[in-house]
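Quick notes on the structure that follows.
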Amino acid sequence: MPHCVSKPRSAGNSLNGSSATGTIATGNQYVGRFAPSPTGPLHFGSLVAAVASYLQARAHDGRWLVRIEDIDPPREQAGASSLIVEALERYGFEWDGDVLFQSESHGAHEAALRRLLERNLAYPCGCSRKDLADAPRGPLGIIYPGTCRHGCESNETAIRLRVTDDPISFEDGLQGTITQRLESESGDFVIRRRDGLIAYQLAVVVDDELQGVTEIVRGIDIIDSTPRQICLQRLLSFSTPSYIHIPVVTHPDGDKLSKLTGAPAIPLDEVRPVLFAALLALRQGPPSALAEATLPEMWDWALKNWNLEPLRGLTAVRADEIPGIGLTVTPQLQ
Ligand code: GLU
């Protein structure tokens with residue numbers, strides 16, 4: 001199977017040559033993005049990821065895009081998309097172009113899926129959860145044993161990508177070299193789910209290509225997905241962006257802040273102390289006087305002083321150790 005070498009991102013868009021989203025980069029400009037799923041309003045952890053990707057893009061005179069990843073309706077929370085966009089506005093983020101709703105690129109996701117199926121790089125899989133109950137498990141979850149690789153009778157199927165055991169490596173901007181052997185670590189993985197929805201791994205790769213994204217700054221909780229995404233980029237002859245995975249913000253017990261762990265929404269009224277706390281979480285060392293500054297002054301300071309180095313090799317930041325935000329991150333689960 002052709003696992004070719006990644007192309008560095010260059011001008012324009014190689015997916016279909018059109019500019020349907022209006023957010024495609026020209027030239028060799030840096031393009032970053034923030035891509036939240038509308039499973040709930042923004043919490044402090046997602047704010048920290050947004051701040052890091054924004055500052056990194058602006059520090060490179062780049063474009064910064066916002067993409068709402070609304071391709072999983074069962075996990076969506078009504079109203080979350082507009083709350084996310086409103087929060088970004090209130091915190092003073094300025095994005096380029098319109099917000100892209102990932103559901104709008106459904107045609108491109110399906111086209112990529114067809115290309116993979118036509119080249120026999122992907123195949124239908126009728127295995128149910130029950131069928132896979134005894135499959136081996138690894139850190140990435142079930143390691144698919146390849147049951148349907150050579151055919152499948154079922155009408156109700158997921159689509160899996162055929163993978164090999166050739167190592168897939170990338171150099172993370174903060175976390176060093178990351179390598180996975182997909183056949184041993186995940187097995188052939190799902191790119192379209194049994195319920196017909198396009199899986200995150202495929203959708204994210206197609207949209208990053210469509211939008212000409214050159215660098216992805218996101219939480220380290222997604223780092224394990226990156227080799228699968230690079231594998232897809234290679235098979236689809238897409239460019240591979242560079243990657244920077246920043247530490248996640250955790251509760252005192254080490255669980256990542258998320259909707260599931262009861263992380264509350266960031267406030268929309270008193271935003272300055274929360275932005276200041278995000279700069280502390282990102283180890284930017286803001287001077288205490290900055291806490292009294294206006295929002296534009298805070299952003300101005302943050303951009304002039306943006307430095308990724310203090311985050312090198314760091315995987316987690318505990319929310320309760322950041323002064324001033326205890327009130328915004330107390331777990332709410334009983
Ligand atoms: N939509 C994903 C999330 O909210 C992030 C995807 C990404 O940054 O690649 O967890």
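All residue names refer to the structure tokens as shown: chains lettered A, B, ... in order, residues numbered from 1 in each chain, ligands numbered from 1 in order.
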All residues having an atom within 9 Å of ligand 1 (only C-alpha atoms and all ligand atoms) as a PyMOL selection string: chain A and resi 33-39+46+49+67-70+200-201+204-205+208+216-219+221-222+225-226
Could the residues in this selection be saved with N, CA and C atoms as a compact mmCIF listing (two decimals), in the first residue's frame?
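Okay, this is what ended up in out_24.txt:
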```txt
# COMPACT_ATOMS: atom_id res chain seq x y z
N ARG A 33 -5.90 27.19 13.02
CA ARG A 33 -7.35 27.06 13.22
C ARG A 33 -7.68 26.57 14.62
N PHE A 34 -8.92 26.88 15.01
CA PHE A 34 -9.47 26.34 16.25
C PHE A 34 -10.72 25.60 15.83
N ALA A 35 -10.85 24.35 16.28
CA ALA A 35 -11.91 23.49 15.71
C ALA A 35 -12.71 22.79 16.82
N PRO A 36 -13.48 23.57 17.58
CA PRO A 36 -14.24 22.94 18.67
C PRO A 36 -15.43 22.13 18.17
N SER A 37 -15.77 21.08 18.91
CA SER A 37 -17.01 20.34 18.65
C SER A 37 -18.10 20.97 19.51
N PRO A 38 -19.30 21.13 18.94
CA PRO A 38 -20.36 21.81 19.71
C PRO A 38 -21.07 20.87 20.68
N THR A 39 -20.28 20.22 21.54
CA THR A 39 -20.85 19.31 22.52
C THR A 39 -21.23 20.06 23.79
N SER A 46 -10.78 24.50 26.79
CA SER A 46 -10.87 24.82 25.36
C SER A 46 -10.45 26.26 25.11
N ALA A 49 -6.72 26.26 24.69
CA ALA A 49 -6.32 25.78 23.36
C ALA A 49 -6.57 26.85 22.31
N ARG A 67 -13.53 26.73 13.07
CA ARG A 67 -14.34 25.69 12.41
C ARG A 67 -15.12 24.94 13.49
N ILE A 68 -16.42 24.95 13.37
CA ILE A 68 -17.26 24.24 14.34
C ILE A 68 -17.45 22.81 13.80
N GLU A 69 -16.98 21.84 14.56
CA GLU A 69 -16.99 20.46 14.07
C GLU A 69 -18.33 19.79 14.43
N ASP A 70 -19.33 20.14 13.64
CA ASP A 70 -20.71 19.69 13.93
C ASP A 70 -21.10 18.49 13.07
N TYR A 200 -14.54 11.40 12.83
CA TYR A 200 -13.69 12.58 13.09
C TYR A 200 -12.38 12.54 12.32
N GLN A 201 -11.69 11.37 12.34
CA GLN A 201 -10.34 11.29 11.74
C GLN A 201 -10.36 11.71 10.26
N VAL A 204 -11.65 15.68 9.81
CA VAL A 204 -10.69 16.70 10.23
C VAL A 204 -9.58 16.86 9.18
N VAL A 205 -9.19 15.73 8.60
CA VAL A 205 -8.12 15.75 7.60
C VAL A 205 -8.61 16.45 6.32
N ASP A 208 -8.99 20.29 7.12
CA ASP A 208 -7.70 20.99 7.25
C ASP A 208 -7.10 21.20 5.86
N ILE A 216 -1.25 22.99 13.14
CA ILE A 216 -2.36 22.69 14.06
C ILE A 216 -1.83 22.77 15.48
N VAL A 217 -2.44 23.65 16.26
CA VAL A 217 -2.11 23.77 17.68
C VAL A 217 -3.35 23.31 18.43
N ARG A 218 -3.25 22.25 19.21
CA ARG A 218 -4.42 21.71 19.91
C ARG A 218 -3.96 20.95 21.14
N GLY A 219 -4.90 20.44 21.90
CA GLY A 219 -4.57 19.78 23.16
C GLY A 219 -3.89 18.44 22.94
N ASP A 221 -4.45 15.82 24.35
CA ASP A 221 -5.38 14.69 24.39
C ASP A 221 -5.67 14.14 23.00
N ILE A 222 -5.35 14.90 21.95
CA ILE A 222 -5.63 14.43 20.58
C ILE A 222 -4.35 13.89 19.92
N SER A 225 -4.27 10.65 17.99
CA SER A 225 -4.99 10.57 16.71
C SER A 225 -4.13 11.05 15.55
N THR A 226 -3.08 11.78 15.84
CA THR A 226 -2.34 12.46 14.78
C THR A 226 -1.73 11.47 13.77
```
Select from range 13-220 of chain A everything DSSP, run on the backbone, classes as strand (DSSP E or B), then give the selection as a compact mmCIF listing (two decimals) with N, CA, C and O atoms, in the first residue's frame.
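Here's the written file result_14.txt:
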```txt
# COMPACT_ATOMS: atom_id res chain seq x y z
N VAL A 31 -1.44 29.32 8.23
CA VAL A 31 -2.88 29.23 8.51
C VAL A 31 -3.07 28.31 9.72
O VAL A 31 -2.68 27.14 9.69
N GLY A 32 -3.63 28.87 10.76
CA GLY A 32 -3.96 28.07 11.95
C GLY A 32 -5.47 27.98 12.09
O GLY A 32 -6.22 28.64 11.36
N ARG A 33 -5.90 27.19 13.02
CA ARG A 33 -7.35 27.06 13.22
C ARG A 33 -7.68 26.57 14.62
O ARG A 33 -6.84 25.97 15.30
N PHE A 34 -8.92 26.88 15.01
CA PHE A 34 -9.47 26.34 16.25
C PHE A 34 -10.72 25.60 15.83
O PHE A 34 -11.54 26.15 15.09
N HIS A 43 -15.22 25.66 27.74
CA HIS A 43 -14.77 25.64 29.13
C HIS A 43 -13.33 26.15 29.15
O HIS A 43 -12.74 26.44 28.09
N ARG A 63 -3.13 33.60 9.23
CA ARG A 63 -4.59 33.62 9.32
C ARG A 63 -5.01 32.66 10.43
O ARG A 63 -4.32 31.69 10.69
N TRP A 64 -6.13 32.95 11.03
CA TRP A 64 -6.65 32.07 12.09
C TRP A 64 -8.12 31.82 11.82
O TRP A 64 -8.91 32.76 11.70
N LEU A 65 -8.45 30.56 11.66
CA LEU A 65 -9.80 30.16 11.25
C LEU A 65 -10.53 29.50 12.42
O LEU A 65 -9.91 28.86 13.26
N VAL A 66 -11.83 29.64 12.41
CA VAL A 66 -12.67 28.94 13.40
C VAL A 66 -13.56 27.98 12.63
O VAL A 66 -14.23 28.37 11.66
N ARG A 67 -13.53 26.73 13.07
CA ARG A 67 -14.34 25.69 12.41
C ARG A 67 -15.12 24.94 13.49
O ARG A 67 -14.52 24.36 14.40
N ILE A 68 -16.42 24.95 13.37
CA ILE A 68 -17.26 24.24 14.34
C ILE A 68 -17.45 22.81 13.80
O ILE A 68 -18.02 22.62 12.73
N LEU A 100 -16.53 28.31 9.74
CA LEU A 100 -16.93 27.18 8.90
C LEU A 100 -17.63 26.14 9.78
O LEU A 100 -17.13 25.77 10.83
N PHE A 101 -18.79 25.72 9.32
CA PHE A 101 -19.46 24.60 9.99
C PHE A 101 -19.09 23.36 9.21
O PHE A 101 -19.31 23.28 8.01
N ALA A 122 -9.85 1.27 1.54
CA ALA A 122 -10.82 1.20 2.64
C ALA A 122 -11.84 0.14 2.28
O ALA A 122 -11.99 -0.22 1.11
N TYR A 123 -12.53 -0.37 3.29
CA TYR A 123 -13.48 -1.46 3.03
C TYR A 123 -14.61 -1.46 4.06
O TYR A 123 -14.43 -0.97 5.18
N PRO A 124 -15.76 -2.03 3.66
CA PRO A 124 -16.88 -2.12 4.60
C PRO A 124 -16.63 -3.15 5.67
O PRO A 124 -16.04 -4.20 5.40
N CYS A 125 -17.07 -2.84 6.87
CA CYS A 125 -16.88 -3.75 8.00
C CYS A 125 -18.22 -3.89 8.74
O CYS A 125 -18.79 -2.90 9.16
N ARG A 137 -6.99 -4.99 23.03
CA ARG A 137 -7.12 -3.55 23.29
C ARG A 137 -5.74 -2.96 23.55
O ARG A 137 -4.89 -3.64 24.11
N GLY A 138 -5.57 -1.73 23.14
CA GLY A 138 -4.32 -1.03 23.43
C GLY A 138 -4.66 0.37 23.88
O GLY A 138 -5.84 0.69 24.07
N GLY A 141 -7.49 2.05 22.16
CA GLY A 141 -8.80 1.38 22.15
C GLY A 141 -8.67 0.01 21.52
O GLY A 141 -7.59 -0.60 21.54
N ILE A 142 -9.77 -0.44 20.92
CA ILE A 142 -9.75 -1.77 20.27
C ILE A 142 -8.74 -1.80 19.14
O ILE A 142 -8.64 -0.84 18.37
N ALA A 158 -19.73 -0.25 8.81
CA ALA A 158 -18.84 0.91 8.94
C ALA A 158 -17.85 0.81 7.77
O ALA A 158 -17.83 -0.20 7.05
N ILE A 159 -17.05 1.85 7.57
CA ILE A 159 -15.95 1.76 6.58
C ILE A 159 -14.65 1.93 7.36
O ILE A 159 -14.52 2.86 8.17
N ARG A 160 -13.72 1.02 7.12
CA ARG A 160 -12.41 1.09 7.79
C ARG A 160 -11.31 1.36 6.77
O ARG A 160 -11.39 0.90 5.62
N LEU A 161 -10.27 2.04 7.24
CA LEU A 161 -9.10 2.29 6.40
C LEU A 161 -8.12 1.14 6.60
O LEU A 161 -7.84 0.75 7.74
N PRO A 167 6.07 2.37 10.39
CA PRO A 167 5.93 3.41 11.41
C PRO A 167 5.52 4.75 10.80
O PRO A 167 6.00 5.11 9.72
N ILE A 168 4.62 5.43 11.47
CA ILE A 168 4.26 6.80 11.07
C ILE A 168 4.77 7.72 12.17
O ILE A 168 4.38 7.57 13.33
N SER A 169 5.64 8.62 11.80
CA SER A 169 6.27 9.51 12.79
C SER A 169 6.02 10.96 12.43
O SER A 169 5.91 11.30 11.25
N PHE A 170 5.95 11.77 13.44
CA PHE A 170 6.00 13.22 13.19
C PHE A 170 6.73 13.88 14.35
O PHE A 170 6.84 13.31 15.44
N GLU A 171 7.21 15.07 14.06
CA GLU A 171 7.97 15.81 15.05
C GLU A 171 7.04 16.85 15.63
O GLU A 171 6.71 17.83 14.97
N ASP A 172 6.57 16.63 16.83
CA ASP A 172 5.67 17.61 17.44
C ASP A 172 6.48 18.82 17.91
O ASP A 172 7.58 18.67 18.45
N GLY A 176 8.17 16.49 20.98
CA GLY A 176 9.22 15.64 20.41
C GLY A 176 8.67 14.69 19.35
O GLY A 176 7.59 14.91 18.80
N THR A 177 9.43 13.62 19.08
CA THR A 177 9.05 12.70 18.00
C THR A 177 7.98 11.74 18.49
O THR A 177 8.14 11.10 19.54
N ILE A 178 6.93 11.63 17.73
CA ILE A 178 5.84 10.70 18.08
C ILE A 178 5.76 9.68 16.95
O ILE A 178 5.73 10.04 15.77
N THR A 179 5.72 8.40 17.31
CA THR A 179 5.68 7.34 16.29
C THR A 179 4.60 6.33 16.66
O THR A 179 4.46 5.96 17.83
N GLN A 180 3.85 5.91 15.67
CA GLN A 180 2.91 4.80 15.88
C GLN A 180 3.01 3.83 14.72
O GLN A 180 3.28 4.23 13.58
N ARG A 181 2.78 2.56 15.02
CA ARG A 181 2.61 1.53 13.99
C ARG A 181 1.14 1.17 14.03
O ARG A 181 0.68 0.54 14.98
N PHE A 189 -8.77 1.39 11.00
CA PHE A 189 -9.66 2.20 11.85
C PHE A 189 -10.85 2.74 11.06
O PHE A 189 -10.83 2.81 9.83
N VAL A 190 -11.88 3.11 11.81
CA VAL A 190 -13.16 3.52 11.20
C VAL A 190 -13.05 4.93 10.63
O VAL A 190 -12.61 5.85 11.33
N ILE A 191 -13.46 5.08 9.37
CA ILE A 191 -13.51 6.43 8.79
C ILE A 191 -14.95 6.84 8.46
O ILE A 191 -15.23 8.00 8.24
N ARG A 192 -15.84 5.86 8.37
CA ARG A 192 -17.28 6.18 8.36
C ARG A 192 -17.95 5.20 9.31
O ARG A 192 -17.71 3.99 9.23
N ILE A 198 -19.61 10.40 9.07
CA ILE A 198 -18.17 10.41 8.77
C ILE A 198 -17.43 10.53 10.10
O ILE A 198 -17.78 11.34 10.96
N GLU A 215 -0.54 24.74 10.18
CA GLU A 215 -0.07 24.28 11.49
C GLU A 215 -1.27 24.09 12.41
O GLU A 215 -2.17 24.92 12.44
N ILE A 216 -1.25 22.99 13.14
CA ILE A 216 -2.36 22.69 14.06
C ILE A 216 -1.83 22.77 15.48
O ILE A 216 -0.88 22.07 15.85
N VAL A 217 -2.44 23.65 16.26
CA VAL A 217 -2.11 23.77 17.68
C VAL A 217 -3.35 23.31 18.43
O VAL A 217 -4.43 23.89 18.27
N ARG A 218 -3.25 22.25 19.21
CA ARG A 218 -4.42 21.71 19.91
C ARG A 218 -3.96 20.95 21.14
O ARG A 218 -2.76 20.78 21.37
N GLY A 219 -4.90 20.44 21.90
CA GLY A 219 -4.57 19.78 23.16
C GLY A 219 -3.89 18.44 22.94
O GLY A 219 -4.14 17.74 21.96
```
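Interatomic distance, CA of Thr250 in chain A to CA of Ile322 in chain A: 10.9 Å.
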Glu156 in chain A: which residues within 10 Å, counting only C-alpha atoms, same-chain residues fewer than 3 positions away excluded, as a PyMOL selection string? chain A and resi 124-128+152-153+193-196
File of the preceding selection, C-alpha atoms, as a short mmCIF file (atom, residue, chain, number, x, y, z; two decimals), in the first residue's frame:
```cif
data_model
loop_
_atom_site.label_atom_id
_atom_site.label_comp_id
_atom_site.auth_asym_id
_atom_site.auth_seq_id
_atom_site.Cartn_x
_atom_site.Cartn_y
_atom_site.Cartn_z
CA PRO A 124 -16.88 -2.12 4.60
CA CYS A 125 -16.88 -3.75 8.00
CA GLY A 126 -19.97 -5.35 9.49
CA CYS A 127 -18.49 -6.13 12.91
CA SER A 128 -20.69 -5.04 15.78
CA CYS A 152 -18.16 -8.77 4.66
CA GLU A 153 -21.74 -10.04 4.27
CA ARG A 193 -19.33 4.91 11.25
CA ARG A 194 -22.04 2.26 11.12
CA ASP A 195 -24.64 4.99 11.64
CA GLY A 196 -23.44 6.58 8.38
#
```
Can you pull out every residue within 10 Å of Arg283 in chain A, counting only C-alpha atoms, but drop anything in the same chain fewer than 6 positions away, and send it as a ChimeraX atom specification? /A:277,306-311,317
Quick one: write out the picked residues with N, CA and C atoms as a short mmCIF file (atom, residue, chain, number, x, y, z; two decimals), in the first residue's frame?
```cif
data_model
loop_
_atom_site.label_atom_id
_atom_site.label_comp_id
_atom_site.auth_asym_id
_atom_site.auth_seq_id
_atom_site.Cartn_x
_atom_site.Cartn_y
_atom_site.Cartn_z
N ALA A 277 -5.96 34.28 33.34
CA ALA A 277 -5.68 32.93 33.86
C ALA A 277 -5.23 32.00 32.74
N TRP A 306 4.48 36.25 23.23
CA TRP A 306 4.13 34.84 23.00
C TRP A 306 5.38 33.98 22.89
N ASN A 307 5.40 32.93 23.70
CA ASN A 307 6.58 32.06 23.75
C ASN A 307 6.12 30.65 24.11
N LEU A 308 6.39 29.71 23.22
CA LEU A 308 5.96 28.32 23.45
C LEU A 308 6.92 27.57 24.37
N GLU A 309 8.13 28.08 24.51
CA GLU A 309 9.18 27.30 25.20
C GLU A 309 8.78 26.79 26.60
N PRO A 310 8.12 27.61 27.43
CA PRO A 310 7.79 27.11 28.77
C PRO A 310 6.87 25.89 28.74
N LEU A 311 6.25 25.62 27.60
CA LEU A 311 5.33 24.48 27.51
C LEU A 311 6.01 23.21 27.01
N VAL A 317 -1.64 20.78 32.92
CA VAL A 317 -1.61 21.94 33.82
C VAL A 317 -2.82 21.81 34.72
#
```
Separation of CA of Glu185 in chain A and CA of Ile220 in chain A, in Å? 18.0 Å
Identify, with DSSP run on backbone atoms, the residues in range 113-256 of chain A assigned to alpha helix (DSSP H), and express the list as a PyMOL selection string. chain A and resi 113-118+182-185+200-210+226-235
Output of the above residues as a compact mmCIF listing (two decimals), in the first residue's frame, restricted to N, CA and C atoms:
```txt
# COMPACT_ATOMS: atom_id res chain seq x y z
N LEU A 113 -13.95 9.75 0.95
CA LEU A 113 -14.30 8.37 1.29
C LEU A 113 -14.37 7.53 0.01
N ARG A 114 -15.04 8.08 -1.00
CA ARG A 114 -15.17 7.34 -2.28
C ARG A 114 -13.80 7.06 -2.88
N ARG A 115 -12.93 8.06 -2.83
CA ARG A 115 -11.58 7.86 -3.40
C ARG A 115 -10.87 6.71 -2.73
N LEU A 116 -11.02 6.64 -1.42
CA LEU A 116 -10.33 5.57 -0.67
C LEU A 116 -10.95 4.21 -1.00
N LEU A 117 -12.28 4.18 -1.12
CA LEU A 117 -12.96 2.90 -1.42
C LEU A 117 -12.59 2.45 -2.83
N GLU A 118 -12.60 3.40 -3.78
CA GLU A 118 -12.31 3.04 -5.18
C GLU A 118 -10.92 2.45 -5.32
N LEU A 182 0.42 1.61 13.02
CA LEU A 182 -1.04 1.56 13.13
C LEU A 182 -1.59 0.14 13.14
N GLU A 183 -1.02 -0.73 12.34
CA GLU A 183 -1.59 -2.08 12.30
C GLU A 183 -1.54 -2.72 13.69
N SER A 184 -0.44 -2.51 14.41
CA SER A 184 -0.34 -3.09 15.76
C SER A 184 -1.09 -2.27 16.80
N GLU A 185 -1.20 -0.95 16.58
CA GLU A 185 -1.70 -0.11 17.67
C GLU A 185 -3.19 0.22 17.59
N TYR A 200 -14.54 11.40 12.83
CA TYR A 200 -13.69 12.58 13.09
C TYR A 200 -12.38 12.54 12.32
N GLN A 201 -11.69 11.37 12.34
CA GLN A 201 -10.34 11.29 11.74
C GLN A 201 -10.36 11.71 10.26
N LEU A 202 -11.39 11.28 9.53
CA LEU A 202 -11.45 11.63 8.11
C LEU A 202 -11.90 13.07 7.92
N ALA A 203 -12.93 13.47 8.66
CA ALA A 203 -13.48 14.82 8.47
C ALA A 203 -12.41 15.89 8.75
N VAL A 204 -11.65 15.68 9.81
CA VAL A 204 -10.69 16.70 10.23
C VAL A 204 -9.58 16.86 9.18
N VAL A 205 -9.19 15.73 8.60
CA VAL A 205 -8.12 15.75 7.60
C VAL A 205 -8.61 16.45 6.32
N VAL A 206 -9.84 16.16 5.91
CA VAL A 206 -10.38 16.78 4.70
C VAL A 206 -10.52 18.28 4.91
N ASP A 207 -11.03 18.68 6.06
CA ASP A 207 -11.27 20.11 6.27
C ASP A 207 -9.97 20.89 6.47
N ASP A 208 -8.99 20.29 7.12
CA ASP A 208 -7.70 20.99 7.25
C ASP A 208 -7.10 21.20 5.86
N GLU A 209 -7.28 20.24 4.97
CA GLU A 209 -6.77 20.39 3.61
C GLU A 209 -7.57 21.47 2.86
N LEU A 210 -8.90 21.38 2.96
CA LEU A 210 -9.75 22.36 2.28
C LEU A 210 -9.42 23.78 2.69
N THR A 226 -3.08 11.78 15.84
CA THR A 226 -2.34 12.46 14.78
C THR A 226 -1.73 11.47 13.77
N PRO A 227 -1.10 10.37 14.20
CA PRO A 227 -0.58 9.44 13.18
C PRO A 227 -1.68 8.89 12.26
N ARG A 228 -2.87 8.65 12.79
CA ARG A 228 -3.96 8.18 11.92
C ARG A 228 -4.33 9.27 10.91
N GLN A 229 -4.28 10.51 11.37
CA GLN A 229 -4.61 11.62 10.46
C GLN A 229 -3.52 11.78 9.39
N ILE A 230 -2.28 11.60 9.79
CA ILE A 230 -1.18 11.71 8.83
C ILE A 230 -1.28 10.58 7.80
N CYS A 231 -1.65 9.39 8.27
CA CYS A 231 -1.84 8.26 7.36
C CYS A 231 -2.88 8.61 6.30
N LEU A 232 -4.00 9.17 6.74
CA LEU A 232 -5.05 9.56 5.78
C LEU A 232 -4.55 10.65 4.83
N GLN A 233 -3.81 11.62 5.37
CA GLN A 233 -3.29 12.69 4.49
C GLN A 233 -2.42 12.09 3.39
N ARG A 234 -1.62 11.14 3.75
CA ARG A 234 -0.71 10.54 2.76
C ARG A 234 -1.50 9.77 1.70
N LEU A 235 -2.48 9.00 2.15
CA LEU A 235 -3.24 8.20 1.19
C LEU A 235 -4.08 9.07 0.27
```
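Of the listed residues (A:Arg149, A:Tyr91, A:Asn305, A:Arg129), A:Asn305 comes nearest to Pro287 in chain A; the distances count only C-alpha atoms.
Of the residues listed (A:Phe238, A:Pro74, A:Thr147, A:Leu268), A:Phe238 shows the shortest atom-to-atom separation from Ala112 in chain A; distances use only C-alpha atoms.
Closest approach to Leu121 in chain A among A:Leu279, A:Ile246, A:Leu257, A:Leu236 is made by A:Leu236 (distances from only C-alpha atoms).
Candidate residues A:His106, A:Arg318, A:Arg90, A:Arg58 were compared for distance to Asp72 in chain A, and the nearest is A:His106, using only C-alpha atoms.
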